[in-house]
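> Sharing protein-v7.pdb, PDB, C-alpha atoms:
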ATOM      1  CA  MET A   1      17.248  28.949 -32.481  1.00  0.00           C
ATOM      2  CA  ARG A   2      15.913  25.485 -31.883  1.00  0.00           C
ATOM      3  CA  GLY A   3      12.228  24.872 -31.652  1.00  0.00           C
ATOM      4  CA  LEU A   4      10.459  25.103 -28.342  1.00  0.00           C
ATOM      5  CA  LEU A   5       8.737  21.737 -28.762  1.00  0.00           C
ATOM      6  CA  THR A   6      11.681  19.409 -28.882  1.00  0.00           C
ATOM      7  CA  GLU A   7      11.348  15.794 -27.787  1.00  0.00           C
ATOM      8  CA  LYS A   8      13.202  16.486 -24.558  1.00  0.00           C
ATOM      9  CA  ASN A   9      10.892  19.367 -23.611  1.00  0.00           C
ATOM     10  CA  ILE A  10       7.783  17.351 -24.477  1.00  0.00           C
ATOM     11  CA  VAL A  11       8.956  14.475 -22.269  1.00  0.00           C
ATOM     12  CA  ILE A  12       9.646  16.848 -19.364  1.00  0.00           C
ATOM     13  CA  VAL A  13       6.230  18.505 -19.689  1.00  0.00           C
ATOM     14  CA  LEU A  14       4.446  15.153 -19.884  1.00  0.00           C
ATOM     15  CA  PHE A  15       6.340  13.842 -16.853  1.00  0.00           C
ATOM     16  CA  VAL A  16       5.387  16.886 -14.787  1.00  0.00           C
ATOM     17  CA  MET A  17       1.746  16.590 -15.880  1.00  0.00           C
ATOM     18  CA  VAL A  18       1.612  12.885 -14.970  1.00  0.00           C
ATOM     19  CA  PHE A  19       3.218  13.592 -11.593  1.00  0.00           C
ATOM     20  CA  ILE A  20       0.644  16.295 -10.817  1.00  0.00           C
ATOM     21  CA  ILE A  21      -2.295  14.140 -11.953  1.00  0.00           C
ATOM     22  CA  PHE A  22      -1.176  11.143  -9.864  1.00  0.00           C
ATOM     23  CA  SER A  23      -0.667  13.372  -6.820  1.00  0.00           C
ATOM     24  CA  LEU A  24      -4.196  14.738  -7.163  1.00  0.00           C
ATOM     25  CA  ALA A  25      -5.614  11.260  -7.725  1.00  0.00           C
ATOM     26  CA  GLU A  26      -3.878   9.953  -4.601  1.00  0.00           C
ATOM     27  CA  SER A  27      -5.283  12.736  -2.442  1.00  0.00           C
ATOM     28  CA  GLU A  28      -8.794  12.152  -3.810  1.00  0.00           C
ATOM     29  CA  THR A  29      -8.440   8.412  -3.204  1.00  0.00           C
ATOM     30  CA  LYS A  30      -7.488   9.059   0.428  1.00  0.00           C
ATOM     31  CA  LYS A  31     -10.569  11.274   0.830  1.00  0.00           C
ATOM     32  CA  ILE A  32     -12.840   8.573  -0.606  1.00  0.00           C
ATOM     33  CA  GLU A  33     -11.239   5.887   1.580  1.00  0.00           C
ATOM     34  CA  HIS A  34     -11.766   8.100   4.624  1.00  0.00           C
ATOM     35  CA  LEU A  35     -15.451   8.489   3.793  1.00  0.00           C
ATOM     36  CA  TYR A  36     -15.913   4.807   2.977  1.00  0.00           C
ATOM     37  CA  ASN A  37     -14.076   3.381   5.986  1.00  0.00           C
ATOM     38  CA  GLY A  38     -15.285   5.930   8.504  1.00  0.00           C
ATOM     39  CA  GLY A  39     -11.809   7.118   9.428  1.00  0.00           C
ATOM     40  CA  HIS A  40      -9.819   3.903   9.088  1.00  0.00           C
ATOM     41  CA  THR A  41      -7.709   4.839   6.071  1.00  0.00           C
ATOM     42  CA  SER A  42      -4.705   2.621   6.564  1.00  0.00           C
ATOM     43  CA  ILE A  43      -3.772  -0.795   7.875  1.00  0.00           C
ATOM     44  CA  LYS A  44      -1.885   0.874  10.741  1.00  0.00           C
ATOM     45  CA  ASN A  45      -5.175   1.861  12.405  1.00  0.00           C
ATOM     46  CA  PHE A  46      -6.348  -1.734  12.789  1.00  0.00           C
ATOM     47  CA  PRO A  47      -5.271  -3.754  15.834  1.00  0.00           C
ATOM     48  CA  ALA A  48      -2.601  -6.352  15.248  1.00  0.00           C
ATOM     49  CA  ILE A  49      -3.655  -9.919  15.975  1.00  0.00           C
ATOM     50  CA  MET A  50      -0.817 -12.315  16.519  1.00  0.00           C
ATOM     51  CA  PRO A  51      -1.565 -15.814  15.205  1.00  0.00           C
ATOM     52  CA  GLU A  52       0.487 -17.306  18.044  1.00  0.00           C
ATOM     53  CA  ALA A  53      -1.770 -15.646  20.622  1.00  0.00           C
ATOM     54  CA  LYS A  54      -4.914 -17.269  19.216  1.00  0.00           C
ATOM     55  CA  ALA A  55      -3.606 -20.820  18.888  1.00  0.00           C
ATOM     56  CA  LYS A  56      -3.192 -22.332  22.358  1.00  0.00           C
ATOM     57  CA  ILE A  57      -2.661 -26.000  21.535  1.00  0.00           C
ATOM     58  CA  PRO A  58      -0.940 -28.033  24.212  1.00  0.00           C
ATOM     59  CA  ILE A  59       2.027 -30.054  23.013  1.00  0.00           C
ATOM     60  CA  VAL A  60       2.016 -33.639  24.285  1.00  0.00           C
ATOM     61  CA  LEU A  61       5.308 -35.482  24.227  1.00  0.00           C
ATOM     62  CA  LYS A  62       5.320 -39.260  24.447  1.00  0.00           C
ATOM     63  CA  SER A  63       8.118 -40.979  26.251  1.00  0.00           C
ATOM     64  CA  SER A  64       7.886 -44.132  24.087  1.00  0.00           C
ATOM     65  CA  ASP A  65       8.631 -44.278  20.394  1.00  0.00           C
ATOM     66  CA  SER A  66       5.543 -45.360  18.420  1.00  0.00           C
ATOM     67  CA  THR A  67       7.499 -46.347  15.267  1.00  0.00           C
ATOM     68  CA  LYS A  68       8.767 -49.658  16.737  1.00  0.00           C
TER      69      LYS A  68
END
What would the structure in this file look like if it were written as structure tokens?


Amino acid sequence: MRGLLTEKNIVIVLFVMVFIIFSLAESETKKIEHLYNGGHTSIKNFPAIMPEAKAKIPIVLKSSDSTK
């Protein structure tokens, strides 16, 4: 019977542990962001500002060519 701690089994166990730790860290990070931002946890909650809407510069076209 092969040993229980083969390289393949160790890699699988480590992968599962890392996946669980990162999942817990992500949930804790979301909690901290919620407390810090007062409820605005993602960029989706902020209003979108279109740069075209702010810049209202009139375009003036000259009928004569100034390069002559």

> Could you jot down the CA of Arg2 in chain A to CA of Val16 in chain A separation for me, Å, one decimal place?

21.8 Å

> What does the distance from CA of Ile12 in chain A to CA of Glu26 in chain A come to in Å, to one decimal?

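Going from CA of Ile12 in chain A over to CA of Glu26 in chain A covers 21.2 Å.
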
> Work out how far apart CA of Lys31 in chain A and CA of Val13 in chain A are and give it in Å to one decimal.

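Between CA of Lys31 in chain A and CA of Val13 in chain A the gap works out to 27.5 Å.
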
> Report, as AutoDock Vina command-line options, the axis-aligned box around all atoms of range 24-39 of chain A present in the file, extended by 4 Å on each side; give centre and edge lengths in Å to one decimal place.


--center_x -9.9 --center_y 9.1 --center_z 0.9 --size_x 20.0 --size_y 19.4 --size_z 25.2
